[in-house]
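Written below as structure tokens is the structure these notes are about.
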Amino acid sequence: MPSAPGVLVVCGMPFEAAIADGPGVTSVCGPGPWRVAQRLHGMLDGPGDWAGIVSFGCAGGLDPALACGDCVVATAVLTPDGLVATDPDWSRALLDRLPGARPGLLAGADAPLATPAAKAALWRDAGAAVVDMETHAAALAARRHGLPFAACRVVLDPAWRTVPAAALAGLDAGGVWPVLCALARAPGQIASVCALAGEAWVARRSLLRTRARLGAGLGCYCSPSSLPPSSLL
């Protein structure tokens, strides 16, 4: 029996990929658009059958009305090549399974938006609800390869939150050690890093609930019915 098409799930950080993991799911992890693009194209240009690509994880809030833990299902993604619409059937399936989630435009960024001023500018100029560094790479890869695409992101840092430089120190290297080293050099950031850690805990809890509600294939309308029965348990 041939294997059923799987779903590629694009995440920024390993903890997001661990939450996304499940039957019929293959995670592609950043952080950042270059890692995602390189890894996606390597997989999509090779052998394999994929049902679609979904971006899943945390994001920065741009809409001032969004609080930490709020869920946004993208209607379109703002990329350097213009808007890329998400698959309407898949997006509708996500919204049907996620009570309280709101549809909205998602903006892609090549670097973190760390200040309220930067977030406010993108909210004002583009009208995007949230921003992250991986979804635009995933959207462009899906368009290039003719695959359905969707995006579901949970707000970690709201629009008013400044992301301290120390918290960004471990973004590329990963782990706690780079952050602790940065705090040792700038102890005045300890309070803001602790506040952001609290928001990360809230976002992670929301992401776990979101994943549980999406089920097999993360809501891909063509995936759950095509997965082997044993994968649906």
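Letters A, B, ... go to the chains of the structure tokens in the order shown; residues in each chain start at 1; ligands are counted from 1 in the same order.
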Write out as a list in words each polymer residue whose atoms come within 7 Å of segment 100-107 of chain A, counting only C-alpha atoms; drop sequence neighbours fewer than 3 positions from it.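 After dropping sequence-adjacent residues, the list is Asp70, Cys71, Val72, Val73, Ala74, Thr75, Ala76, Val77, Leu78, Thr79, Leu95, Ala128, Ala129, Val130, Val131 and Asp132 of chain A.
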Can you pull out every residue from segment 29-224 of chain A that DSSP, working from the backbone, puts in helix (DSSP H, G or I), and format the result as a PyMOL selection string? chain A and resi 33-44+88-97+116-126+135-145+165-168+170-173+177-185+187-214+216-219+224
For Arg153 of chain A, the nearest of the candidates A:Gly22, A:Gly60, A:Gly6, A:Gly127, counting only C-alpha atoms: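 Smallest distance to Arg153 of chain A is found for A:Gly60.
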Residues near Pro116 of chain A, cut-off 7 Å, only C-alpha atoms, skip fewer than 3 positions along chain, as a list in words: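 What passes the distance filter is Lys119, Ala120, Ala159, Trp160, Arg161 and Thr162 of chain A.
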Produce a file of the selected residues containing N, CA and C atoms, as a PDB file, in the first residue's frame.
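Result saved to result.pdb:
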ATOM      1  N   LYS A 119       6.697  47.560  15.166  1.00  0.00           N
ATOM      2  CA  LYS A 119       5.451  46.811  14.995  1.00  0.00           C
ATOM      3  C   LYS A 119       4.315  47.741  14.562  1.00  0.00           C
ATOM      4  N   ALA A 120       4.256  48.911  15.171  1.00  0.00           N
ATOM      5  CA  ALA A 120       3.198  49.867  14.836  1.00  0.00           C
ATOM      6  C   ALA A 120       3.310  50.320  13.384  1.00  0.00           C
ATOM      7  N   ALA A 159       1.766  43.722  20.555  1.00  0.00           N
ATOM      8  CA  ALA A 159       2.258  44.891  19.827  1.00  0.00           C
ATOM      9  C   ALA A 159       3.007  45.867  20.726  1.00  0.00           C
ATOM     10  N   TRP A 160       2.629  45.963  21.987  1.00  0.00           N
ATOM     11  CA  TRP A 160       3.231  46.944  22.879  1.00  0.00           C
ATOM     12  C   TRP A 160       4.529  46.456  23.521  1.00  0.00           C
ATOM     13  N   ARG A 161       4.855  45.182  23.340  1.00  0.00           N
ATOM     14  CA  ARG A 161       6.006  44.588  24.008  1.00  0.00           C
ATOM     15  C   ARG A 161       7.314  44.869  23.266  1.00  0.00           C
ATOM     16  N   THR A 162       8.319  45.352  23.982  1.00  0.00           N
ATOM     17  CA  THR A 162       9.678  45.428  23.461  1.00  0.00           C
ATOM     18  C   THR A 162      10.374  44.101  23.730  1.00  0.00           C
TER      19      THR A 162
END
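Proximity of A:Gly188, A:Pro14, A:Gly24, A:Gly198 to Ile53 of chain A, computed with only C-alpha atoms, is greatest for A:Gly24.
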Filtered DSSP result for segment 4-231 of chain A, state strand (DSSP E or B), as number ranges by chain: A: 6-11, 25-29, 50-61, 71-79, 82-85, 102-108, 130-132, 149-157
Selected residue, from A:Ala59, A:Cys181, A:Ala142, A:Val155, that lies nearest to Gly108 of chain A when counting only C-alpha atoms: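 Of the candidates, the smallest distance to Gly108 of chain A is held by A:Ala59.
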